[in-house]
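Chemist: For reference, this is start-v9.cif, and it has mmCIF, C-alpha atoms and all ligand atoms; chains and numbers go by the auth columns.
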```
data_query
#
loop_
_atom_site.group_PDB
_atom_site.id
_atom_site.type_symbol
_atom_site.label_atom_id
_atom_site.label_comp_id
_atom_site.label_asym_id
_atom_site.label_seq_id
_atom_site.Cartn_x
_atom_site.Cartn_y
_atom_site.Cartn_z
_atom_site.B_iso_or_equiv
_atom_site.auth_seq_id
_atom_site.auth_asym_id
ATOM 1 C CA MET A 1 -31.439 82.140 -55.091 0.00 230 A
ATOM 2 C CA LEU A 2 -34.028 84.313 -53.323 0.00 231 A
ATOM 3 C CA LYS A 3 -35.367 81.279 -51.592 0.00 232 A
ATOM 4 C CA TYR A 4 -31.922 80.555 -50.134 0.00 233 A
ATOM 5 C CA MET A 5 -31.477 84.124 -48.912 0.00 234 A
ATOM 6 C CA ILE A 6 -34.850 84.018 -47.180 0.00 235 A
ATOM 7 C CA ALA A 7 -33.969 80.679 -45.623 0.00 236 A
ATOM 8 C CA GLY A 8 -30.630 82.134 -44.472 0.00 237 A
ATOM 9 C CA ALA A 9 -32.217 85.156 -42.847 0.00 238 A
ATOM 10 C CA LEU A 10 -34.858 83.041 -41.140 0.00 239 A
ATOM 11 C CA ALA A 11 -32.261 80.521 -39.941 0.00 240 A
ATOM 12 C CA LEU A 12 -30.217 83.328 -38.372 0.00 241 A
ATOM 13 C CA ALA A 13 -33.280 84.698 -36.625 0.00 242 A
ATOM 14 C CA ALA A 14 -34.175 81.219 -35.359 0.00 243 A
ATOM 15 C CA THR A 15 -30.655 80.606 -34.018 0.00 244 A
ATOM 16 C CA ALA A 16 -30.604 83.910 -32.173 0.00 245 A
ATOM 17 C CA ALA A 17 -34.004 83.248 -30.627 0.00 246 A
ATOM 18 C CA HIS A 18 -33.220 79.677 -29.598 0.00 247 A
ATOM 19 C CA ALA A 19 -30.078 80.119 -27.493 0.00 248 A
ATOM 20 C CA THR A 20 -30.201 81.877 -24.140 0.00 249 A
ATOM 21 C CA VAL A 21 -27.635 84.667 -23.909 0.00 250 A
ATOM 22 C CA VAL A 22 -25.799 84.352 -20.589 0.00 251 A
ATOM 23 C CA THR A 23 -23.824 87.447 -19.537 0.00 252 A
ATOM 24 C CA PRO A 24 -21.831 88.366 -16.396 0.00 253 A
ATOM 25 C CA SER A 25 -24.742 90.536 -15.231 0.00 254 A
ATOM 26 C CA ASP A 26 -27.458 88.040 -16.237 0.00 255 A
ATOM 27 C CA LEU A 27 -26.227 84.528 -15.432 0.00 256 A
ATOM 28 C CA GLN A 28 -29.535 82.736 -16.106 0.00 257 A
ATOM 29 C CA GLY A 29 -28.926 80.176 -13.353 0.00 258 A
ATOM 30 C CA TRP A 30 -25.262 79.522 -14.185 0.00 259 A
ATOM 31 C CA SER A 31 -22.518 79.938 -11.580 0.00 260 A
ATOM 32 C CA ALA A 32 -18.828 79.280 -10.980 0.00 261 A
ATOM 33 C CA ILE A 33 -18.199 76.313 -8.729 0.00 262 A
ATOM 34 C CA ASN A 34 -15.335 74.079 -7.523 0.00 263 A
ATOM 35 C CA VAL A 35 -12.852 76.867 -8.140 0.00 264 A
ATOM 36 C CA ALA A 36 -9.564 75.891 -6.503 0.00 265 A
ATOM 37 C CA GLY A 37 -5.865 76.706 -6.625 0.00 266 A
ATOM 38 C CA ALA A 38 -5.020 78.974 -9.550 0.00 267 A
ATOM 39 C CA GLY A 39 -8.157 77.947 -11.447 0.00 268 A
ATOM 40 C CA THR A 40 -10.369 80.648 -12.956 0.00 269 A
ATOM 41 C CA VAL A 41 -13.621 80.697 -14.904 0.00 270 A
ATOM 42 C CA ALA A 42 -15.488 83.761 -16.160 0.00 271 A
ATOM 43 C CA ILE A 43 -17.475 85.054 -19.096 0.00 272 A
ATOM 44 C CA THR A 44 -15.000 87.245 -21.012 0.00 273 A
ATOM 45 C CA ASP A 45 -14.287 88.488 -24.523 0.00 274 A
ATOM 46 C CA THR A 46 -10.831 86.857 -24.709 0.00 275 A
ATOM 47 C CA TYR A 47 -12.062 84.025 -26.954 0.00 276 A
ATOM 48 C CA LYS A 48 -14.977 84.580 -29.317 0.00 277 A
ATOM 49 C CA PRO A 49 -16.550 82.253 -31.854 0.00 278 A
ATOM 50 C CA ALA A 50 -17.378 84.067 -35.119 0.00 279 A
ATOM 51 C CA GLY A 51 -20.247 86.504 -34.585 0.00 280 A
ATOM 52 C CA HIS A 52 -20.040 86.301 -30.771 0.00 281 A
ATOM 53 C CA THR A 53 -19.071 88.910 -28.170 0.00 282 A
ATOM 54 C CA GLY A 54 -17.601 86.393 -25.706 0.00 283 A
ATOM 55 C CA SER A 55 -17.387 82.923 -24.230 0.00 284 A
ATOM 56 C CA LEU A 56 -16.638 81.085 -20.994 0.00 285 A
ATOM 57 C CA GLU A 57 -12.907 81.503 -20.370 0.00 286 A
ATOM 58 C CA PHE A 58 -11.006 78.953 -18.268 0.00 287 A
ATOM 59 C CA SER A 59 -7.484 78.829 -16.923 0.00 288 A
ATOM 60 C CA THR A 60 -5.517 76.640 -14.546 0.00 289 A
ATOM 61 C CA GLY A 61 -2.013 76.827 -13.134 0.00 290 A
ATOM 62 C CA GLY A 62 -0.884 73.466 -11.874 0.00 291 A
ATOM 63 C CA GLY A 63 -2.276 70.176 -10.604 0.00 292 A
ATOM 64 C CA SER A 64 -4.303 71.557 -7.694 0.00 293 A
ATOM 65 C CA SER A 65 -6.152 74.026 -9.952 0.00 294 A
ATOM 66 C CA LYS A 66 -9.764 73.499 -10.851 0.00 295 A
ATOM 67 C CA ALA A 67 -12.714 75.545 -12.128 0.00 296 A
ATOM 68 C CA ASP A 68 -16.220 74.618 -13.242 0.00 297 A
ATOM 69 C CA PHE A 69 -19.290 76.492 -14.466 0.00 298 A
ATOM 70 C CA ARG A 70 -22.618 74.917 -13.559 0.00 299 A
ATOM 71 C CA HIS A 71 -26.264 75.192 -14.458 0.00 300 A
ATOM 72 C CA ALA A 72 -28.358 73.403 -11.864 0.00 301 A
ATOM 73 C CA VAL A 73 -32.128 73.125 -11.880 0.00 302 A
ATOM 74 C CA ASN A 74 -34.684 72.378 -9.180 0.00 303 A
ATOM 75 C CA GLY A 75 -36.642 70.195 -11.554 0.00 304 A
ATOM 76 C CA SER A 76 -35.130 68.400 -14.492 0.00 305 A
ATOM 77 C CA LEU A 77 -33.273 69.048 -17.730 0.00 306 A
ATOM 78 C CA GLY A 78 -34.884 65.886 -19.061 0.00 307 A
ATOM 79 C CA ASP A 79 -34.577 62.133 -18.708 0.00 308 A
ATOM 80 C CA LEU A 80 -31.581 60.093 -19.754 0.00 309 A
ATOM 81 C CA ILE A 81 -32.826 59.117 -23.158 0.00 310 A
ATOM 82 C CA SER A 82 -30.902 59.549 -26.348 0.00 311 A
ATOM 83 C CA ASN A 83 -33.301 61.309 -28.684 0.00 312 A
ATOM 84 C CA GLY A 84 -32.349 64.839 -27.808 0.00 313 A
ATOM 85 C CA ALA A 85 -29.403 67.089 -28.532 0.00 314 A
ATOM 86 C CA LEU A 86 -26.167 67.414 -26.645 0.00 315 A
ATOM 87 C CA SER A 87 -23.339 69.619 -27.829 0.00 316 A
ATOM 88 C CA PHE A 88 -20.822 72.237 -26.799 0.00 317 A
ATOM 89 C CA ASP A 89 -17.895 74.092 -28.318 0.00 318 A
ATOM 90 C CA PHE A 90 -14.432 74.502 -26.871 0.00 319 A
ATOM 91 C CA TYR A 91 -11.221 76.314 -27.657 0.00 320 A
ATOM 92 C CA VAL A 92 -7.760 75.212 -26.510 0.00 321 A
ATOM 93 C CA ASP A 93 -5.162 77.977 -26.589 0.00 322 A
ATOM 94 C CA SER A 94 -1.688 76.825 -27.658 0.00 323 A
ATOM 95 C CA ALA A 95 -0.260 79.374 -25.190 0.00 324 A
ATOM 96 C CA GLY A 96 -1.217 76.944 -22.413 0.00 325 A
ATOM 97 C CA THR A 97 1.348 74.459 -21.118 0.00 326 A
ATOM 98 C CA ALA A 98 -1.021 71.662 -20.058 0.00 327 A
ATOM 99 C CA ALA A 99 -0.911 68.387 -22.027 0.00 328 A
ATOM 100 C CA SER A 100 -2.338 68.780 -25.521 0.00 329 A
ATOM 101 C CA HIS A 101 -5.091 66.149 -24.985 0.00 330 A
ATOM 102 C CA LEU A 102 -6.722 68.266 -22.264 0.00 331 A
ATOM 103 C CA ALA A 103 -9.827 70.329 -22.993 0.00 332 A
ATOM 104 C CA PRO A 104 -12.906 71.428 -21.028 0.00 333 A
ATOM 105 C CA ALA A 105 -14.877 68.402 -19.815 0.00 334 A
ATOM 106 C CA PHE A 106 -18.666 68.167 -19.990 0.00 335 A
ATOM 107 C CA ARG A 107 -20.614 66.702 -17.043 0.00 336 A
ATOM 108 C CA LEU A 108 -24.247 65.746 -16.748 0.00 337 A
ATOM 109 C CA ALA A 109 -25.444 65.574 -13.132 0.00 338 A
ATOM 110 C CA TYR A 110 -27.969 62.769 -12.667 0.00 339 A
ATOM 111 C CA TYR A 111 -30.408 61.660 -9.999 0.00 340 A
ATOM 112 C CA ASP A 112 -32.147 58.332 -10.210 0.00 341 A
ATOM 113 C CA GLU A 113 -35.445 58.389 -8.341 0.00 342 A
ATOM 114 C CA LEU A 114 -35.808 54.616 -8.166 0.00 343 A
ATOM 115 C CA THR A 115 -32.417 53.946 -6.572 0.00 344 A
ATOM 116 C CA GLN A 116 -31.962 57.452 -5.093 0.00 345 A
ATOM 117 C CA LYS A 117 -28.434 57.505 -6.485 0.00 346 A
ATOM 118 C CA SER A 118 -26.718 60.544 -7.931 0.00 347 A
ATOM 119 C CA GLY A 119 -23.491 61.360 -9.692 0.00 348 A
ATOM 120 C CA TYR A 120 -21.976 62.581 -12.909 0.00 349 A
ATOM 121 C CA LEU A 121 -21.735 61.207 -16.411 0.00 350 A
ATOM 122 C CA ILE A 122 -18.644 62.841 -17.863 0.00 351 A
ATOM 123 C CA TRP A 123 -17.594 63.392 -21.476 0.00 352 A
ATOM 124 C CA GLU A 124 -13.951 64.121 -22.212 0.00 353 A
ATOM 125 C CA SER A 125 -12.318 64.595 -25.591 0.00 354 A
ATOM 126 C CA VAL A 126 -9.518 62.151 -24.780 0.00 355 A
ATOM 127 C CA TYR A 127 -12.030 59.255 -24.442 0.00 356 A
ATOM 128 C CA ASN A 128 -13.827 60.294 -27.612 0.00 357 A
ATOM 129 C CA GLY A 129 -11.173 60.206 -30.281 0.00 358 A
ATOM 130 C CA GLY A 130 -9.267 63.282 -29.131 0.00 359 A
ATOM 131 C CA GLY A 131 -7.983 65.147 -32.164 0.00 360 A
ATOM 132 C CA ILE A 132 -7.964 68.565 -30.510 0.00 361 A
ATOM 133 C CA VAL A 133 -6.887 71.329 -32.860 0.00 362 A
ATOM 134 C CA GLU A 134 -5.412 74.199 -30.834 0.00 363 A
ATOM 135 C CA ASP A 135 -6.349 77.850 -31.412 0.00 364 A
ATOM 136 C CA THR A 136 -9.562 76.812 -33.173 0.00 365 A
ATOM 137 C CA TRP A 137 -13.151 76.669 -31.992 0.00 366 A
ATOM 138 C CA MET A 138 -14.211 73.022 -32.102 0.00 367 A
ATOM 139 C CA SER A 139 -17.876 71.965 -32.078 0.00 368 A
ATOM 140 C CA ASN A 140 -18.540 68.728 -30.265 0.00 369 A
ATOM 141 C CA ASN A 141 -21.742 66.823 -30.883 0.00 370 A
ATOM 142 C CA ILE A 142 -21.543 64.467 -27.904 0.00 371 A
ATOM 143 C CA LEU A 143 -24.976 62.837 -27.780 0.00 372 A
ATOM 144 C CA GLY A 144 -23.566 59.542 -29.073 0.00 373 A
ATOM 145 C CA GLY A 145 -20.241 59.897 -27.233 0.00 374 A
ATOM 146 C CA ASN A 146 -18.651 58.001 -24.375 0.00 375 A
ATOM 147 C CA PHE A 147 -19.325 59.108 -20.800 0.00 376 A
ATOM 148 C CA TRP A 148 -17.607 57.780 -17.686 0.00 377 A
ATOM 149 C CA MET A 149 -19.339 57.673 -14.316 0.00 378 A
ATOM 150 C CA ARG A 150 -18.439 59.433 -11.112 0.00 379 A
ATOM 151 C CA ALA A 151 -20.812 57.766 -8.655 0.00 380 A
ATOM 152 C CA PHE A 152 -21.607 59.704 -5.468 0.00 381 A
ATOM 153 C CA GLY A 153 -21.827 57.669 -2.279 0.00 382 A
ATOM 154 C CA ALA A 154 -19.776 56.566 0.673 0.00 383 A
ATOM 155 C CA PRO A 155 -17.271 56.496 -0.796 0.00 384 A
ATOM 156 C CA SER A 156 -17.747 58.340 -4.096 0.00 385 A
ATOM 157 C CA VAL A 157 -15.975 56.408 -6.812 0.00 386 A
ATOM 158 C CA THR A 158 -14.876 56.724 -10.416 0.00 387 A
ATOM 159 C CA ILE A 159 -16.143 53.802 -12.482 0.00 388 A
ATOM 160 C CA GLU A 160 -13.166 53.268 -14.765 0.00 389 A
ATOM 161 C CA LYS A 161 -15.048 52.390 -17.934 0.00 390 A
ATOM 162 C CA TYR A 162 -14.455 54.868 -20.699 0.00 391 A
ATOM 163 C CA SER A 163 -16.390 53.580 -23.693 0.00 392 A
ATOM 164 C CA VAL A 164 -19.952 53.614 -22.370 0.00 393 A
ATOM 165 C CA THR A 165 -22.529 55.706 -24.234 0.00 394 A
ATOM 166 C CA LEU A 166 -25.543 57.473 -22.737 0.00 395 A
ATOM 167 C CA ALA A 167 -27.707 54.894 -24.508 0.00 396 A
ATOM 168 C CA ASP A 168 -25.728 52.156 -22.717 0.00 397 A
ATOM 169 C CA TRP A 169 -26.172 53.841 -19.330 0.00 398 A
ATOM 170 C CA ALA A 170 -29.882 54.425 -20.046 0.00 399 A
ATOM 171 C CA SER A 171 -30.346 50.755 -20.835 0.00 400 A
ATOM 172 C CA GLY A 172 -29.048 49.734 -17.408 0.00 401 A
ATOM 173 C CA THR A 173 -25.408 48.922 -18.146 0.00 402 A
ATOM 174 C CA SER A 174 -23.663 47.940 -14.919 0.00 403 A
ATOM 175 C CA PHE A 175 -20.213 46.817 -13.844 0.00 404 A
ATOM 176 C CA ALA A 176 -18.821 44.533 -11.187 0.00 405 A
ATOM 177 C CA ASN A 177 -17.841 47.506 -9.053 0.00 406 A
ATOM 178 C CA PRO A 178 -20.501 47.477 -6.310 0.00 407 A
ATOM 179 C CA ASN A 179 -20.520 51.265 -6.319 0.00 408 A
ATOM 180 C CA SER A 180 -21.452 51.506 -9.992 0.00 409 A
ATOM 181 C CA HIS A 181 -24.938 52.954 -10.299 0.00 410 A
ATOM 182 C CA VAL A 182 -27.549 51.312 -12.482 0.00 411 A
ATOM 183 C CA LEU A 183 -29.383 53.975 -14.474 0.00 412 A
ATOM 184 C CA SER A 184 -32.393 53.862 -16.757 0.00 413 A
ATOM 185 C CA ALA A 185 -34.161 55.924 -19.391 0.00 414 A
ATOM 186 C CA ALA A 186 -36.090 57.474 -16.484 0.00 415 A
ATOM 187 C CA THR A 187 -32.956 58.716 -14.685 0.00 416 A
ATOM 188 C CA ARG A 188 -33.279 62.471 -14.351 0.00 417 A
ATOM 189 C CA ILE A 189 -30.637 64.934 -15.551 0.00 418 A
ATOM 190 C CA ILE A 190 -30.565 67.680 -12.910 0.00 419 A
ATOM 191 C CA GLY A 191 -27.654 69.823 -14.014 0.00 420 A
ATOM 192 C CA VAL A 192 -24.844 70.404 -16.450 0.00 421 A
ATOM 193 C CA GLU A 193 -21.265 71.567 -15.901 0.00 422 A
ATOM 194 C CA VAL A 194 -18.310 72.452 -18.057 0.00 423 A
ATOM 195 C CA GLY A 195 -14.974 72.442 -16.291 0.00 424 A
ATOM 196 C CA VAL A 196 -11.218 72.132 -16.302 0.00 425 A
ATOM 197 C CA GLY A 197 -8.442 70.988 -14.015 0.00 426 A
ATOM 198 C CA SER A 198 -7.932 68.636 -11.101 0.00 427 A
ATOM 199 C CA GLY A 199 -4.648 66.861 -11.663 0.00 428 A
ATOM 200 C CA TRP A 200 -3.744 68.757 -14.846 0.00 429 A
ATOM 201 C CA ALA A 201 -0.030 69.538 -14.764 0.00 430 A
ATOM 202 C CA GLY A 202 1.006 72.826 -16.363 0.00 431 A
ATOM 203 C CA ALA A 203 -1.311 75.707 -17.175 0.00 432 A
ATOM 204 C CA PHE A 204 -4.458 75.341 -19.258 0.00 433 A
ATOM 205 C CA LYS A 205 -5.816 78.273 -21.269 0.00 434 A
ATOM 206 C CA GLY A 206 -9.004 78.090 -23.271 0.00 435 A
ATOM 207 C CA ALA A 207 -12.739 78.484 -23.373 0.00 436 A
ATOM 208 C CA ALA A 208 -16.146 76.896 -23.940 0.00 437 A
ATOM 209 C CA ASP A 209 -19.388 78.167 -25.460 0.00 438 A
ATOM 210 C CA ASN A 210 -22.773 77.119 -26.869 0.00 439 A
ATOM 211 C CA VAL A 211 -23.671 74.528 -24.239 0.00 440 A
ATOM 212 C CA ASN A 212 -26.803 72.810 -25.503 0.00 441 A
ATOM 213 C CA VAL A 213 -28.568 70.121 -23.458 0.00 442 A
ATOM 214 C CA SER A 214 -31.930 68.855 -24.607 0.00 443 A
ATOM 215 C CA PHE A 215 -33.335 65.404 -24.057 0.00 444 A
ATOM 216 C CA GLY A 216 -36.384 66.014 -26.139 0.00 445 A
ATOM 217 C CA THR A 217 -38.780 67.095 -23.390 0.00 446 A
ATOM 218 C CA ALA A 218 -40.555 70.348 -24.193 0.00 447 A
ATOM 219 C CA GLY A 219 -39.760 73.209 -21.847 0.00 448 A
ATOM 220 C CA GLN A 220 -36.698 71.482 -20.393 0.00 449 A
ATOM 221 C CA GLY A 221 -33.032 71.567 -21.261 0.00 450 A
ATOM 222 C CA VAL A 222 -30.627 74.475 -21.537 0.00 451 A
ATOM 223 C CA ASN A 223 -28.940 76.163 -24.491 0.00 452 A
ATOM 224 C CA ALA A 224 -26.427 78.765 -23.344 0.00 453 A
ATOM 225 C CA ASN A 225 -24.461 81.265 -25.396 0.00 454 A
ATOM 226 C CA PHE A 226 -21.960 83.000 -23.099 0.00 455 A
ATOM 227 C CA GLU A 227 -21.554 86.634 -24.122 0.00 456 A
ATOM 228 C CA VAL A 228 -20.153 89.808 -22.572 0.00 457 A
ATOM 229 C CA GLY A 229 -22.986 91.880 -23.997 0.00 458 A
ATOM 230 C CA ALA A 230 -25.898 91.876 -26.379 0.00 459 A
ATOM 231 C CA VAL A 231 -25.323 90.012 -29.616 0.00 460 A
ATOM 232 C CA VAL A 232 -24.840 92.537 -32.415 0.00 461 A
ATOM 233 C CA PRO A 233 -24.921 90.924 -35.861 0.00 462 A
ATOM 234 C CA GLU A 234 -21.821 91.642 -37.937 0.00 463 A
ATOM 235 C CA PRO A 235 -22.189 93.887 -41.026 0.00 464 A
ATOM 236 C CA ALA A 236 -22.174 90.851 -43.332 0.00 465 A
ATOM 237 C CA THR A 237 -24.988 89.285 -41.295 0.00 466 A
ATOM 238 C CA TRP A 238 -27.019 92.491 -41.407 0.00 467 A
ATOM 239 C CA ALA A 239 -26.567 92.684 -45.166 0.00 468 A
ATOM 240 C CA MET A 240 -27.748 89.109 -45.526 0.00 469 A
ATOM 241 C CA MET A 241 -30.764 89.687 -43.278 0.00 470 A
ATOM 242 C CA ILE A 242 -31.728 92.867 -45.143 0.00 471 A
ATOM 243 C CA LEU A 243 -31.362 91.066 -48.470 0.00 472 A
ATOM 244 C CA GLY A 244 -33.403 88.181 -47.053 0.00 473 A
ATOM 245 C CA PHE A 245 -36.176 90.404 -45.744 0.00 474 A
ATOM 246 C CA GLY A 246 -36.148 92.393 -48.974 0.00 475 A
ATOM 247 C CA ALA A 247 -36.483 89.175 -50.945 0.00 476 A
ATOM 248 C CA ALA A 248 -39.294 88.014 -48.668 0.00 477 A
ATOM 249 C CA GLY A 249 -41.045 91.344 -49.280 0.00 478 A
ATOM 250 C CA ALA A 250 -40.597 90.955 -53.032 0.00 479 A
ATOM 251 C CA VAL A 251 -42.137 87.495 -52.910 0.00 480 A
ATOM 252 C CA LEU A 252 -45.064 88.810 -50.849 0.00 481 A
ATOM 253 C CA ARG A 253 -45.540 91.697 -53.261 0.00 482 A
ATOM 254 C CA ARG A 254 -45.563 89.317 -56.227 0.00 483 A
ATOM 255 C CA ARG A 255 -48.091 87.130 -54.398 0.00 484 A
ATOM 256 C CA ARG A 256 -50.342 90.129 -53.776 0.00 485 A
ATOM 257 C CA PHE A 257 -50.144 91.059 -57.479 0.00 486 A
ATOM 258 C CA ALA A 258 -50.932 87.481 -58.395 0.00 487 A
ATOM 259 C CA VAL A 259 -53.979 87.528 -56.092 0.00 488 A
ATOM 260 C CA ALA A 260 -55.068 90.913 -57.505 0.00 489 A
ATOM 261 C CA ALA A 261 -54.734 89.607 -61.045 0.00 490 A
HETATM 262 CA CA CA B . -20.698 83.219 -27.020 0.00 1 H
#
```
Go ahead and express the file in the form of structure tokens.
Ligand SMILES: [Ca+2]
Modeler:
Amino acid sequence: MLKYMIAGALALAATAAHATVVTPSDLQGWSAINVAGAGTVAITDTYKPAGHTGSLEFSTGGGSSKADFRHAVNGSLGDLISNGALSFDFYVDSAGTAASHLAPAFRLAYYDELTQKSGYLIWESVYNGGGIVEDTWMSNNILGGNFWMRAFGAPSVTIEKYSVTLADWASGTSFANPNSHVLSAATRIIGVEVGVGSGWAGAFKGAADNVNVSFGTAGQGVNANFEVGAVVPEPATWAMMILGFGAAGAVLRRRRFAVAA
């Protein structure tokens, strides 16, 4: 029992230390981008996962609306290999009038040094089993999911293949479309975006949070917790931490007695 409480307290501390808290006054390299029509994106306290002070709120109002939030880097978030971690949470508000299969999309921006090609690999719920439950925070572990390609070029094109995994792309999967880019495990991930809109009829209301991108390279990646202020543990969390630390102290005290004896 004590062991579990100590583990719980330590796990909480580790979680808090791992994620970067991104607030409106400390954006940590994140910014709103591609905001068009009635689209909006901002860190607010409208939607909050348990124990959080806020999240990234999105809204649209008709087909021309769009809004993204981007974290771009000068270097790299890692290479396109599949031994890392890739996840984010979203919330779809039933008060919205957009189609029920629509939810914030997740985009990895890539640049391939060998071919000098760039574009997006894009994860969307609808191509990954769907099953959106409205008015509920949903955690999406998308590392093994399907990503479609938006290939930049003249012209930029959508490669209309919707069941290709990152591992497939990394192993050089290509399609007859001459504009499809051939990627590899050395293709660099240079940014991440979460966004809504562009051709979505009706009005979308919802949010995203806990954007975690790590391809296993130390010192790279991003793990963002969008908050309106400092994270204050809830009373129940405090109680658990105090119990945990107390238990840890008791164990240490017993150890000291054991050594003394
Ligand atoms: Ca948050």
Chemist: Using only C-alpha atoms, which protein or nucleic acid residues come within 9 Å of region 397-401 of chain A? Drop anything in the same chain fewer than 3 positions from it, and give the result as a list of chain:residue names.
Modeler: A:Leu309, A:Ile310, A:Ser311, A:Phe376, A:Val393, A:Thr394, A:His410, A:Val411, A:Leu412, A:Ser413, A:Ala414, A:Ala415, A:Thr416
Chemist: Check every protein, DNA and RNA residue against ligand CA 1 (chain H), keep those with an atom at most 12 Å away (counting all atoms listed in the file), and present them as a ChimeraX atom specification.
Modeler: /A:245,248-253,272-286,317-320,366,436-440,452-461
Chemist: So, with only C-alpha atoms as the atoms that count, which of A:Val302, A:Val362, A:Ile418, A:Ala432 lies closest to Lys346 (chain A)?
Modeler: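 Distance minimum relative to Lys346 (chain A) lands on A:Ile418.
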Chemist: With distances taken over all atoms listed in the file, which of A:Lys390, A:Arg336, A:His330, A:Arg379 is nearest to Gly358 (chain A)?
Modeler: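 Closest to Gly358 (chain A), using all atoms listed in the file: A:His330.
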Chemist: Applying 9 Å and all atoms listed in the file, which residues near region 352-356 of chain A remain after dropping the ones on its own chain fewer than 3 positions away? List them as a list in words.
Modeler: His330, Leu331, Ala332, Pro333, Ala334, Phe335, Arg336, Leu337, Gly359, Gly360, Ile361, Asn369, Ile371, Gly374, Asn375, Phe376, Trp377, Tyr391 and Ser392 of chain A
Chemist: Taking (-5.0, 67.0, -15.6) in the file's own coordinates, collect the residues within 10 Å, counting only C-alpha atoms, and hand them back as a list in words.
Modeler: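 Every polymer residue passing the test: Thr289, Gly291, Gly292, Ser293, Ser294, Lys295, Ala327, Ala328, His330, Leu331, Ala332, Val425, Gly426, Ser427, Gly428, Trp429, Ala430, Gly431, Ala432 and Phe433 of chain A.
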Chemist: Which value, in Å to one decimal, gives the distance between CA of Gln345 (chain A) and CA of Asn357 (chain A)?
Modeler: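 If I compute the distance from CA of Gln345 (chain A) to CA of Asn357 (chain A), I get 29.1 Å.
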Chemist: So, counting only C-alpha atoms, which residue among A:His300, A:Thr387, A:Asn406, A:Ile419 is closest to Tyr339 (chain A)?
Modeler: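 Nearest to Tyr339 (chain A): A:Ile419.
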Chemist: What residues come out when you apply the PyMOL selection byres (((chain A and resi 262) around 10) and not hetatm) to this file, written as number ranges by chain?
Modeler: A: 259-261, 263-265, 269-270, 295-300, 422, 424
Chemist: Go ahead and write the residues just picked, C-alpha atoms, as an mmCIF file, in the frame of the given file.
Modeler:
```
data_model
loop_
_atom_site.group_PDB
_atom_site.id
_atom_site.type_symbol
_atom_site.label_atom_id
_atom_site.label_comp_id
_atom_site.auth_asym_id
_atom_site.auth_seq_id
_atom_site.Cartn_x
_atom_site.Cartn_y
_atom_site.Cartn_z
ATOM 1 C CA TRP A 259 -25.262 79.522 -14.185
ATOM 2 C CA SER A 260 -22.518 79.938 -11.580
ATOM 3 C CA ALA A 261 -18.828 79.280 -10.980
ATOM 4 C CA ASN A 263 -15.335 74.079 -7.523
ATOM 5 C CA VAL A 264 -12.852 76.867 -8.140
ATOM 6 C CA ALA A 265 -9.564 75.891 -6.503
ATOM 7 C CA THR A 269 -10.369 80.648 -12.956
ATOM 8 C CA VAL A 270 -13.621 80.697 -14.904
ATOM 9 C CA LYS A 295 -9.764 73.499 -10.851
ATOM 10 C CA ALA A 296 -12.714 75.545 -12.128
ATOM 11 C CA ASP A 297 -16.220 74.618 -13.242
ATOM 12 C CA PHE A 298 -19.290 76.492 -14.466
ATOM 13 C CA ARG A 299 -22.618 74.917 -13.559
ATOM 14 C CA HIS A 300 -26.264 75.192 -14.458
ATOM 15 C CA GLU A 422 -21.265 71.567 -15.901
ATOM 16 C CA GLY A 424 -14.974 72.442 -16.291
#
```
Chemist: So what do you get for CA of Gly450 (chain A) versus CA of Gly348 (chain A), distance-wise?
Modeler: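 Going from CA of Gly450 (chain A) over to CA of Gly348 (chain A) covers 18.1 Å.
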Chemist: So, counting all atoms listed in the file, which residue among A:Gly290, A:Gly313, A:Pro407, A:Gly448 is closest to Gly325 (chain A)?
Modeler: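 The closest residue to Gly325 (chain A) is A:Gly290.
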Chemist: Just the number, please: distance in Å from CA of Met378 (chain A) to CA of Leu256 (chain A), one decimal.
Modeler: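 Between CA of Met378 (chain A) and CA of Leu256 (chain A) the gap works out to 27.7 Å.
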Chemist: With all atoms listed in the file as the atoms that count, which of A:Ala271, A:Ser329, A:His247, A:Phe381 lies nearest to Glu363 (chain A)?
Modeler: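 Closest residue, counting all atoms listed in the file: A:Ser329.
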Chemist: Kindly indicate which residue among A:Tyr349, A:Tyr340, A:Phe404, A:Phe287 lies nearest to Ser305 (chain A), using all atoms listed in the file for the distances.
Modeler: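 Smallest distance to Ser305 (chain A) is found for A:Tyr340.
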